[in-house]
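One file, final_2.tsv, is given below (TSV, C-alpha atoms).
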chain	number	residue	atom	x	y	z
K	199	MET	CA	-79.52	-25.75	-87.47
K	200	ASP	CA	-79.98	-29.13	-85.80
K	201	ALA	CA	-83.58	-30.03	-84.94
K	202	THR	CA	-82.53	-32.36	-82.11
K	203	ARG	CA	-80.49	-29.70	-80.35
K	204	LEU	CA	-83.28	-27.16	-80.92
K	205	ALA	CA	-85.82	-29.52	-79.36
K	206	ALA	CA	-83.48	-30.17	-76.42
K	207	ILE	CA	-83.15	-26.45	-75.68
K	208	ALA	CA	-86.93	-26.04	-75.96
K	209	ARG	CA	-87.53	-28.94	-73.52
K	210	LYS	CA	-85.01	-27.52	-71.08
K	211	GLU	CA	-86.69	-24.10	-71.19
K	212	ALA	CA	-90.16	-25.64	-70.77
K	213	ARG	CA	-89.02	-27.59	-67.70
K	214	GLN	CA	-87.46	-24.49	-66.15
K	215	LEU	CA	-90.67	-22.59	-66.83
K	216	ALA	CA	-92.79	-25.33	-65.24
K	217	ARG	CA	-90.71	-25.09	-62.03
K	218	ASP	CA	-90.93	-21.27	-61.88
K	219	ARG	CA	-94.26	-20.27	-60.31
K	220	ARG	CA	-93.67	-16.55	-60.86
K	221	SER	CA	-93.20	-17.06	-64.59
K	222	LEU	CA	-96.31	-19.25	-64.75
K	223	LEU	CA	-98.37	-16.55	-63.03
K	224	LEU	CA	-96.93	-13.98	-65.40
K	225	ALA	CA	-97.71	-16.21	-68.39
K	226	PHE	CA	-101.28	-17.26	-67.58
K	227	ALA	CA	-102.81	-15.19	-64.78
K	228	LEU	CA	-101.54	-11.69	-65.57
K	229	PRO	CA	-102.99	-11.43	-69.13
K	230	LEU	CA	-106.43	-12.44	-67.91
K	231	ALA	CA	-106.25	-10.11	-64.90
K	232	LEU	CA	-105.19	-7.18	-67.11
K	233	LEU	CA	-107.93	-7.88	-69.65
K	234	VAL	CA	-110.66	-8.05	-67.01
K	235	PHE	CA	-109.36	-5.02	-65.10
K	236	PHE	CA	-108.82	-2.73	-68.07
K	237	GLY	CA	-111.88	-4.08	-69.89
K	238	TYR	CA	-114.10	-2.89	-67.05
K	239	ALA	CA	-112.06	0.18	-66.05
K	240	ILE	CA	-111.57	1.80	-69.45
K	241	SER	CA	-114.67	3.16	-71.14
K	242	TRP	CA	-115.16	6.07	-73.48
K	243	ASP	CA	-118.94	5.98	-73.18
K	244	VAL	CA	-120.43	9.01	-71.43
K	245	ARG	CA	-123.72	8.54	-69.56
K	246	ASP	CA	-125.75	10.54	-67.06
K	247	ILE	CA	-124.44	13.94	-68.14
K	248	ALA	CA	-125.55	16.46	-65.51
K	249	LEU	CA	-128.02	18.80	-67.23
K	250	ALA	CA	-129.39	22.11	-65.93
K	251	VAL	CA	-132.33	23.64	-67.81
K	252	VAL	CA	-133.06	27.37	-67.93
K	253	ASP	CA	-136.64	27.41	-69.26
K	254	GLN	CA	-137.51	31.05	-69.92
K	255	ASP	CA	-140.42	30.15	-72.19
K	256	ARG	CA	-142.39	27.81	-69.88
K	257	THR	CA	-144.60	26.40	-72.62
K	258	PRO	CA	-145.55	22.83	-73.56
K	259	GLU	CA	-143.04	23.05	-76.43
K	260	SER	CA	-140.14	24.00	-74.13
K	261	ARG	CA	-141.09	21.21	-71.73
K	262	ASP	CA	-141.21	18.77	-74.67
K	263	LEU	CA	-137.67	19.80	-75.57
K	264	THR	CA	-136.49	19.17	-72.00
K	265	GLU	CA	-138.21	15.78	-71.98
K	266	ALA	CA	-136.50	14.94	-75.28
K	267	PHE	CA	-133.10	15.52	-73.63
K	268	LEU	CA	-134.00	13.37	-70.60
K	269	ALA	CA	-135.62	10.62	-72.67
K	270	SER	CA	-132.42	10.20	-74.69
K	271	GLY	CA	-130.84	8.44	-71.71
K	272	TYR	CA	-127.66	10.50	-71.89
K	273	PHE	CA	-128.71	13.37	-69.62
K	274	THR	CA	-129.84	13.62	-66.01
K	275	LEU	CA	-131.68	16.75	-64.84
K	276	VAL	CA	-129.90	18.25	-61.82
K	277	ALA	CA	-131.14	21.86	-61.62
K	278	ARG	CA	-133.57	24.40	-63.02
K	279	PRO	CA	-131.88	27.78	-62.51
K	280	ALA	CA	-133.81	30.96	-63.32
K	281	SER	CA	-131.24	32.40	-65.72
K	282	ALA	CA	-128.14	31.50	-67.70
K	283	SER	CA	-126.04	33.59	-65.31
K	284	ALA	CA	-126.05	30.60	-62.94
K	285	ALA	CA	-124.03	28.54	-65.41
K	286	PRO	CA	-120.51	29.59	-64.27
K	287	ALA	CA	-121.31	28.73	-60.63
K	288	LEU	CA	-122.79	25.36	-61.63
K	289	PHE	CA	-119.72	24.54	-63.74
K	290	ALA	CA	-117.31	25.71	-61.00
K	291	ARG	CA	-118.92	23.40	-58.43
K	292	GLY	CA	-119.12	20.54	-60.90
K	293	ALA	CA	-122.87	20.45	-60.33
K	294	ALA	CA	-123.68	20.55	-64.05
K	295	GLN	CA	-121.89	19.73	-67.28
K	296	VAL	CA	-124.46	21.18	-69.70
K	297	VAL	CA	-126.82	24.14	-69.23
K	298	LEU	CA	-129.69	24.23	-71.71
K	299	VAL	CA	-131.15	27.69	-72.21
K	300	VAL	CA	-134.61	27.96	-73.81
K	301	PRO	CA	-135.24	31.66	-74.58
K	302	PRO	CA	-138.60	33.46	-74.31
K	303	GLY	CA	-140.71	33.16	-77.47
K	304	PHE	CA	-139.46	29.67	-78.30
K	305	ALA	CA	-142.93	28.22	-78.84
K	306	ALA	CA	-144.15	31.32	-80.67
K	307	ARG	CA	-141.34	31.11	-83.21
K	308	LEU	CA	-142.06	27.43	-83.78
K	309	GLY	CA	-145.75	28.17	-84.29
K	310	ALA	CA	-144.90	30.90	-86.80
K	311	GLY	CA	-142.76	28.50	-88.82
K	312	ARG	CA	-139.57	30.38	-87.99
K	313	VAL	CA	-136.27	29.04	-86.72
K	314	ALA	CA	-136.37	28.68	-82.95
K	315	GLU	CA	-132.91	28.74	-81.38
K	316	VAL	CA	-131.87	27.26	-78.05
K	317	GLN	CA	-128.48	27.53	-76.40
K	318	ALA	CA	-126.38	24.76	-74.84
K	319	LEU	CA	-123.56	25.90	-72.54
K	320	LEU	CA	-120.93	23.26	-71.82
K	321	ASP	CA	-118.22	22.85	-69.20
K	322	GLY	CA	-115.08	22.55	-71.32
K	323	SER	CA	-112.69	21.66	-68.47
K	324	ASP	CA	-113.17	18.04	-69.53
K	325	ALA	CA	-112.79	18.42	-73.28
K	326	ASN	CA	-113.66	14.80	-74.05
K	327	THR	CA	-116.92	14.84	-72.11
K	328	ALA	CA	-117.78	18.31	-73.49
K	329	THR	CA	-117.27	17.13	-77.06
K	330	ILE	CA	-119.45	14.06	-76.54
K	331	ALA	CA	-122.11	16.09	-74.69
K	332	MET	CA	-122.19	18.60	-77.54
K	333	ALA	CA	-122.70	15.80	-80.06
K	334	TYR	CA	-125.50	14.31	-77.93
K	335	SER	CA	-127.14	17.76	-77.59
K	336	GLU	CA	-127.03	18.36	-81.33
K	337	ALA	CA	-128.50	14.91	-81.98
K	338	VAL	CA	-131.37	15.45	-79.53
K	339	ALA	CA	-132.09	18.91	-80.95
K	340	ARG	CA	-132.03	17.55	-84.49
K	341	THR	CA	-134.45	14.75	-83.60
K	342	PHE	CA	-136.73	17.20	-81.80
K	343	GLY	CA	-136.67	19.50	-84.85
K	344	GLN	CA	-137.70	16.63	-87.13
K	345	ARG	CA	-140.65	15.87	-84.85
K	346	VAL	CA	-141.73	19.50	-85.03
K	347	VAL	CA	-141.53	19.43	-88.81
K	348	LEU	CA	-143.72	16.33	-88.88
K	349	ARG	CA	-146.35	18.21	-86.87
K	350	GLY	CA	-146.34	20.88	-89.60
K	351	GLU	CA	-145.26	23.73	-87.36
K	352	ARG	CA	-142.27	24.55	-89.55
K	353	LEU	CA	-141.39	24.33	-93.19
K	354	ALA	CA	-140.07	21.01	-94.36
K	355	LEU	CA	-136.30	20.61	-94.21
K	356	PRO	CA	-134.66	20.84	-97.65
K	357	LEU	CA	-132.37	17.90	-96.87
K	358	THR	CA	-132.44	15.10	-94.37
K	359	ALA	CA	-129.64	12.63	-93.68
K	360	GLU	CA	-130.07	9.18	-92.19
K	361	SER	CA	-127.07	7.56	-90.54
K	362	ARG	CA	-126.37	3.88	-90.18
K	363	VAL	CA	-123.47	2.61	-88.13
K	364	TRP	CA	-121.63	-0.42	-89.45
K	365	PHE	CA	-119.46	-2.90	-87.51
K	366	ASN	CA	-120.26	-1.40	-84.08
K	367	GLU	CA	-123.97	-0.78	-84.22
K	368	GLU	CA	-124.25	-0.14	-80.46
K	369	LEU	CA	-121.43	2.46	-80.59
K	370	ALA	CA	-120.11	0.71	-77.46
K	371	SER	CA	-116.53	1.64	-76.65
K	372	ARG	CA	-115.84	-1.82	-75.18
K	373	ASN	CA	-116.15	-3.30	-78.68
K	374	MET	CA	-113.11	-1.27	-79.68
K	375	ILE	CA	-111.26	-1.39	-76.36
K	376	VAL	CA	-111.23	-5.16	-75.75
K	377	PRO	CA	-109.68	-6.18	-79.12
K	378	GLY	CA	-107.15	-3.39	-78.63
K	379	LEU	CA	-106.37	-4.69	-75.15
K	380	VAL	CA	-105.52	-8.11	-76.60
K	381	ALA	CA	-102.82	-6.45	-78.73
K	382	VAL	CA	-101.48	-4.22	-75.95
K	383	ILE	CA	-101.44	-6.94	-73.28
K	384	MET	CA	-99.73	-9.49	-75.49
K	385	MET	CA	-97.03	-6.95	-76.41
K	386	ILE	CA	-96.25	-6.43	-72.74
K	387	ILE	CA	-96.56	-10.04	-71.56
K	388	ALA	CA	-94.59	-11.57	-74.45
K	389	ALA	CA	-91.61	-9.26	-74.02
K	390	MET	CA	-91.63	-9.66	-70.23
K	391	LEU	CA	-91.74	-13.47	-70.40
K	392	THR	CA	-88.64	-13.88	-72.52
K	393	SER	CA	-86.81	-11.00	-70.86
K	394	LEU	CA	-86.25	-13.38	-67.92
K	395	THR	CA	-84.84	-16.33	-69.84
K	396	ILE	CA	-81.20	-15.51	-70.67
K	397	ALA	CA	-80.83	-13.26	-67.61
K	398	ARG	CA	-81.95	-16.24	-65.50
K	399	GLU	CA	-79.10	-18.31	-66.96
K	400	TRP	CA	-76.59	-15.66	-65.94
K	401	GLU	CA	-77.96	-15.28	-62.42
K	402	ARG	CA	-78.07	-19.05	-61.81
K	403	GLY	CA	-74.58	-19.55	-63.21
K	404	THR	CA	-75.71	-21.98	-65.93
K	405	MET	CA	-74.70	-19.77	-68.84
K	406	GLU	CA	-71.15	-21.16	-68.93
K	407	GLN	CA	-72.54	-24.71	-69.26
K	408	LEU	CA	-74.83	-23.61	-72.07
K	409	ALA	CA	-72.00	-21.79	-73.84
K	410	ALA	CA	-69.83	-24.91	-73.67
K	411	THR	CA	-72.41	-26.99	-75.59
K	412	PRO	CA	-72.25	-27.29	-79.41
K	413	VAL	CA	-75.60	-25.50	-79.85
K	414	SER	CA	-75.52	-22.48	-82.11
K	415	ARG	CA	-76.71	-19.03	-81.17
K	416	LEU	CA	-79.81	-19.35	-83.36
K	417	GLU	CA	-80.67	-22.74	-81.82
K	418	VAL	CA	-80.44	-21.28	-78.31
K	419	VAL	CA	-82.60	-18.26	-79.20
K	420	LEU	CA	-85.25	-20.28	-81.05
K	421	GLY	CA	-85.20	-23.06	-78.45
K	422	LYS	CA	-85.88	-20.57	-75.67
K	423	LEU	CA	-88.53	-18.85	-77.77
K	424	LEU	CA	-90.63	-21.88	-78.77
K	425	PRO	CA	-92.24	-22.68	-75.37
K	426	TYR	CA	-93.25	-19.05	-74.92
K	427	LEU	CA	-94.63	-18.94	-78.46
K	428	GLY	CA	-97.03	-21.71	-77.48
K	429	ILE	CA	-97.95	-19.90	-74.28
K	430	GLY	CA	-98.53	-16.67	-76.19
K	431	LEU	CA	-100.91	-18.37	-78.61
K	432	VAL	CA	-102.81	-19.86	-75.67
K	433	ASP	CA	-103.03	-16.40	-74.08
K	434	VAL	CA	-104.33	-14.82	-77.29
K	435	THR	CA	-106.95	-17.58	-77.60
K	436	VAL	CA	-108.09	-17.30	-73.98
K	437	CYS	CA	-108.15	-13.46	-74.02
K	438	SER	CA	-110.12	-13.43	-77.29
K	439	ALA	CA	-112.61	-15.98	-75.97
K	440	LEU	CA	-112.96	-14.03	-72.72
K	441	GLY	CA	-113.57	-10.83	-74.69
K	442	VAL	CA	-116.41	-12.48	-76.61
K	443	TRP	CA	-117.90	-14.34	-73.64
K	444	LEU	CA	-117.48	-11.79	-70.83
K	445	PHE	CA	-117.69	-8.47	-72.68
K	446	GLY	CA	-119.93	-9.54	-75.57
K	447	VAL	CA	-117.54	-8.27	-78.24
K	448	PRO	CA	-118.48	-9.59	-81.70
K	449	PHE	CA	-115.99	-11.83	-83.50
K	450	ARG	CA	-116.69	-11.75	-87.24
K	451	GLY	CA	-113.38	-12.81	-88.77
K	452	SER	CA	-111.32	-15.94	-89.20
K	453	VAL	CA	-109.90	-17.69	-86.13
K	454	TRP	CA	-107.12	-19.15	-88.25
K	455	LEU	CA	-106.14	-15.74	-89.65
K	456	LEU	CA	-105.99	-14.29	-86.15
K	457	GLY	CA	-103.86	-17.25	-85.05
K	458	GLY	CA	-101.45	-16.90	-87.96
K	459	LEU	CA	-100.97	-13.15	-87.56
K	460	SER	CA	-100.68	-13.58	-83.78
K	461	LEU	CA	-97.83	-16.01	-84.44
K	462	LEU	CA	-95.96	-13.36	-86.43
K	463	PHE	CA	-96.53	-10.68	-83.81
K	464	LEU	CA	-95.58	-12.90	-80.88
K	465	THR	CA	-92.36	-13.98	-82.59
K	466	GLY	CA	-91.23	-10.37	-82.81
K	467	ALA	CA	-92.32	-9.50	-79.27
K	468	LEU	CA	-90.64	-12.58	-77.80
K	469	GLY	CA	-87.50	-11.82	-79.80
K	470	LEU	CA	-87.48	-8.31	-78.34
K	471	GLY	CA	-87.68	-9.79	-74.84
K	472	LEU	CA	-84.78	-12.16	-75.58
K	473	PHE	CA	-82.72	-9.24	-76.85
K	474	ILE	CA	-83.40	-7.29	-73.65
K	475	SER	CA	-82.57	-10.36	-71.56
K	476	ALA	CA	-79.26	-10.95	-73.37
K	477	ALA	CA	-78.28	-7.30	-73.05
K	478	THR	CA	-78.97	-6.85	-69.32
K	479	ARG	CA	-77.97	-10.13	-67.51
K	480	SER	CA	-80.26	-9.21	-64.59
K	481	GLN	CA	-83.84	-10.47	-64.30
K	482	MET	CA	-84.92	-7.41	-62.33
K	483	LEU	CA	-83.34	-4.98	-64.79
K	484	ALA	CA	-84.62	-6.96	-67.77
K	485	THR	CA	-88.18	-6.88	-66.41
K	486	GLN	CA	-88.02	-3.13	-65.86
K	487	VAL	CA	-86.56	-2.46	-69.31
K	488	ALA	CA	-89.14	-4.73	-70.97
K	489	MET	CA	-91.97	-2.99	-69.13
K	490	LEU	CA	-90.67	0.46	-70.08
K	491	ALA	CA	-90.06	-0.51	-73.71
K	492	THR	CA	-93.49	-2.04	-74.22
K	493	PHE	CA	-96.08	-0.65	-71.77
K	494	LEU	CA	-95.95	3.06	-72.57
K	495	PRO	CA	-95.48	2.76	-76.37
K	496	ALA	CA	-98.20	0.11	-76.62
K	497	PHE	CA	-100.69	2.14	-74.56
K	498	LEU	CA	-99.95	5.63	-75.81
K	499	LEU	CA	-98.51	5.31	-79.32
K	500	SER	CA	-100.27	2.31	-80.84
K	501	GLY	CA	-103.57	4.05	-81.49
K	502	PHE	CA	-105.20	2.27	-78.55
K	503	MET	CA	-105.81	5.36	-76.40
K	504	PHE	CA	-105.30	8.22	-78.88
K	505	ALA	CA	-105.89	8.44	-82.61
K	506	ILE	CA	-102.58	8.43	-84.46
K	507	GLU	CA	-103.97	10.78	-87.11
K	508	THR	CA	-104.32	13.58	-84.55
K	509	MET	CA	-100.76	13.29	-83.20
K	510	PRO	CA	-97.97	15.72	-84.21
K	511	ALA	CA	-95.86	14.60	-87.16
K	512	PRO	CA	-92.79	13.52	-85.07
K	513	LEU	CA	-94.98	11.30	-82.87
K	514	ARG	CA	-96.72	9.83	-85.91
K	515	PHE	CA	-93.29	8.84	-87.23
K	516	ILE	CA	-92.37	7.22	-83.89
K	517	THR	CA	-95.58	5.19	-83.93
K	518	LEU	CA	-94.31	3.44	-87.05
K	519	LEU	CA	-91.73	1.76	-84.76
K	520	VAL	CA	-94.37	0.46	-82.33
K	521	PRO	CA	-95.33	-3.10	-83.40
K	522	ALA	CA	-98.50	-3.10	-81.28
K	523	ARG	CA	-99.85	-0.51	-83.74
K	524	TYR	CA	-99.99	-3.13	-86.50
K	525	PHE	CA	-101.36	-5.95	-84.35
K	526	LEU	CA	-104.04	-3.61	-83.00
K	527	VAL	CA	-105.28	-3.05	-86.56
K	528	VAL	CA	-105.34	-6.84	-86.97
K	529	THR	CA	-107.36	-7.58	-83.82
K	530	ARG	CA	-109.88	-4.78	-84.35
K	531	GLY	CA	-110.24	-5.64	-88.03
K	532	ILE	CA	-110.81	-9.35	-87.44
K	533	PHE	CA	-113.04	-8.89	-84.37
K	534	LEU	CA	-115.29	-6.09	-85.60
K	535	LYS	CA	-115.10	-6.08	-89.40
K	536	GLY	CA	-114.24	-9.67	-90.26
K	537	VAL	CA	-111.60	-8.50	-92.73
K	538	GLY	CA	-109.32	-10.96	-94.49
K	539	PRO	CA	-105.72	-11.21	-95.68
K	540	ASP	CA	-106.31	-8.76	-98.53
K	541	VAL	CA	-106.93	-5.97	-96.02
K	542	LEU	CA	-104.32	-7.02	-93.45
K	543	ALA	CA	-101.49	-7.83	-95.87
K	544	ALA	CA	-99.58	-4.63	-95.06
K	545	GLN	CA	-99.77	-5.30	-91.31
K	546	ALA	CA	-98.61	-8.90	-91.89
K	547	ILE	CA	-95.55	-7.74	-93.84
K	548	LEU	CA	-94.64	-5.18	-91.17
K	549	MET	CA	-94.99	-7.79	-88.41
K	550	VAL	CA	-92.74	-10.16	-90.37
K	551	LEU	CA	-90.13	-7.39	-90.49
K	552	PHE	CA	-90.61	-6.85	-86.75
K	553	ALA	CA	-90.09	-10.58	-86.12
K	554	VAL	CA	-86.93	-10.65	-88.25
K	555	VAL	CA	-85.50	-7.59	-86.50
K	556	GLY	CA	-86.38	-8.97	-83.03
K	557	LEU	CA	-84.78	-12.35	-83.67
K	558	THR	CA	-81.72	-10.81	-85.33
K	559	LEU	CA	-81.13	-8.50	-82.38
K	560	ALA	CA	-81.56	-11.39	-79.96
K	561	VAL	CA	-79.11	-13.64	-81.83
K	562	ARG	CA	-76.49	-10.92	-82.27
K	563	SER	CA	-76.76	-9.79	-78.65
K	564	PHE	CA	-76.54	-13.36	-77.35
K	565	HIS	CA	-73.42	-13.95	-79.45
K	566	LYS	CA	-71.69	-10.95	-77.90
K	567	GLU	CA	-72.50	-12.13	-74.39
K	568	LEU	CA	-70.91	-15.54	-75.06
K	569	GLU	CA	-67.79	-13.96	-76.40
K	570	GLY	CA	-67.58	-11.70	-73.36
What would you get if you wrote out this structure as structure tokens?
Amino acid sequence: MDATRLAAIARKEARQLARDRRSLLLAFALPLALLVFFGYAISWDVRDIALAVVDQDRTPESRDLTEAFLASGYFTLVARPASASAAPALFARGAAQVVLVVPPGFAARLGAGRVAEVQALLDGSDANTATIAMAYSEAVARTFGQRVVLRGERLALPLTAESRVWFNEELASRNMIVPGLVAVIMMIIAAMLTSLTIAREWERGTMEQLAATPVSRLEVVLGKLLPYLGIGLVDVTVCSALGVWLFGVPFRGSVWLLGGLSLLFLTGALGLGLFISAATRSQMLATQVAMLATFLPAFLLSGFMFAIETMPAPLRFITLLVPARYFLVVTRGIFLKGVGPDVLAAQAILMVLFAVVGLTLAVRSFHKELEG
């Protein structure tokens, strides 16, 4: 491989990119727009859960329990129906998501040192919200029960557990979403950027001139890849800085480690885009194929939206072929946990394999096009 010819191809690609406003917007504006849009739009936090309270005891203790739910900040009181029979109608209208039922004799049982049960009915049509609301309800009830024990109205609990959350003390979903978005967005943008390069040569009729030069296939592929590799690193840097500055996501790891692993990931993603570009010859078709091959797998099968551990076995196997899965572990690990190479070594090896496969496919596909 000749370094002079490689540099010449890279300069030619950089000049073409500088003259193409659409590619510049795609390279610099789209990643930031996607990060801001999805960073604000996607949230797994659940607030202001509509709560209806059926207080059949009407004692200071039952009112204290209701106040404990409202003081938690997760629930908003929307109704006080007379009986639990109103729950189906409230759920059907969407007027309430949780109905808390305090039975008669609640305070008396507490005063006698006996277990006092309350009932929480939940609207399960939104399983995610129902699961979170149930967890919040159990936490509020547990805290209320501890307060009652401290007042000596019940026997002491035989065992108490104290929880401490590490790495995401606020339990804010944005701290997990934003680093994941960096991985997902860069998978999409990198493949789309290079998917236009070789197809552009075919559409402009300059491929024959390029094929007539003494440059090798590898020099052409690497020369076209280098300018976009620099752009990709700039995008990762700007998106990471925006995540910290705009969304307040902690960054506890090494900047250099993130840069090095980003380089590996971007090489594979850009190689995939070059392969798609060489195989399609059309910029429009290449863009569509790149979007289809990266957007859905990166969003749905990388672990960004859904936990891979809960997927069926065939889907878990398919996720092994999604490179964003490995880079997502890298970004979340470096952002939130500050982990080092000893923890991310497996992801680094897999991303090296992805880069080798992407470049090999691009070189082999480009060779076939020249022969055709």
* To do: May I have the residues within 10 Å of region 289-304 of chain K as a VMD selection string, using all atoms listed in the file and disregarding those fewer than 5 positions away in the same chain?
  => chain K and resid 246 to 257 259 to 261 263 to 264 267 273 to 282 284 309 312 to 324 327 to 328 331 to 332 335
May I have the protein, DNA and RNA residues with an atom at most 12 Å from (-98.9, -12.4, -67.5), counting only C-alpha atoms in the file's coordinates, returned as a compact mmCIF listing (two decimals) with C-alpha atoms, keeping the file's coordinate frame?
# COMPACT_ATOMS: atom_id res chain seq x y z
CA ARG K 219 -94.26 -20.27 -60.31
CA ARG K 220 -93.67 -16.55 -60.86
CA SER K 221 -93.20 -17.06 -64.59
CA LEU K 222 -96.31 -19.25 -64.75
CA LEU K 223 -98.37 -16.55 -63.03
CA LEU K 224 -96.93 -13.98 -65.40
CA ALA K 225 -97.71 -16.21 -68.39
CA PHE K 226 -101.28 -17.26 -67.58
CA ALA K 227 -102.81 -15.19 -64.78
CA LEU K 228 -101.54 -11.69 -65.57
CA PRO K 229 -102.99 -11.43 -69.13
CA LEU K 230 -106.43 -12.44 -67.91
CA ALA K 231 -106.25 -10.11 -64.90
CA LEU K 232 -105.19 -7.18 -67.11
CA LEU K 233 -107.93 -7.88 -69.65
CA ILE K 383 -101.44 -6.94 -73.28
CA MET K 384 -99.73 -9.49 -75.49
CA MET K 385 -97.03 -6.95 -76.41
CA ILE K 386 -96.25 -6.43 -72.74
CA ILE K 387 -96.56 -10.04 -71.56
CA ALA K 388 -94.59 -11.57 -74.45
CA ALA K 389 -91.61 -9.26 -74.02
CA MET K 390 -91.63 -9.66 -70.23
CA LEU K 391 -91.74 -13.47 -70.40
CA THR K 392 -88.64 -13.88 -72.52
CA TYR K 426 -93.25 -19.05 -74.92
CA ILE K 429 -97.95 -19.90 -74.28
CA GLY K 430 -98.53 -16.67 -76.19
CA VAL K 432 -102.81 -19.86 -75.67
CA ASP K 433 -103.03 -16.40 -74.08
CA VAL K 434 -104.33 -14.82 -77.29
CA CYS K 437 -108.15 -13.46 -74.02
CA MET K 489 -91.97 -2.99 -69.13
* Nearest to Met482 (chain K), chosen from K:Thr395, K:Ala208, K:Arg307, K:Ala381, with only C-alpha atoms counted in the distances ->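 Using only C-alpha atoms, the shortest distance to Met482 (chain K) belongs to K:Thr395.
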* **Neighbour list for region 534-548 of chain K as an MDAnalysis selection string, cut-off 9 Å, all atoms listed in the file, skip fewer than 3 positions in-chain** => chainID K and resid 364:366 373:374 377 447:452 455 459 462:463 521 523:525 527:531 551:553
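Relative to CA of Val338 (chain K), CA of Trp242 (chain K) is found at 19.7 Å.
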* Using all atoms listed in the file, which of the listed residues (K:Thr558, K:Thr435, K:Gln214, K:Thr485) sits closest to Leu420 (chain K)? -> K:Thr558
* To do: Return the single residue from K:Val244, K:Val561, K:Leu472, K:Val413 that is closest to Thr202 (chain K), with distances computed using all atoms listed in the file.
  =>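 That would be K:Val413, the residue with the smallest distance to Thr202 (chain K).
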* Would you please work out which residue, of K:Leu513, K:Leu468, K:Val520, K:Leu204, is nearest to Pro495 (chain K) when using all atoms listed in the file? =>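 The shortest atom-to-atom distance to Pro495 (chain K) comes from K:Val520.
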* Structure fact -> If you count all atoms listed in the file, the residue of K:Leu498, K:Leu424, K:Leu464, K:Ala477 closest to Ala397 (chain K) turns out to be K:Ala477
* When distances are computed from all atoms listed in the file, which of K:Ala310, K:Ala496, K:Ala560, K:Ala212 shows the smallest separation from Glu417 (chain K)? ->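 Using all atoms listed in the file, the shortest distance to Glu417 (chain K) belongs to K:Ala560.
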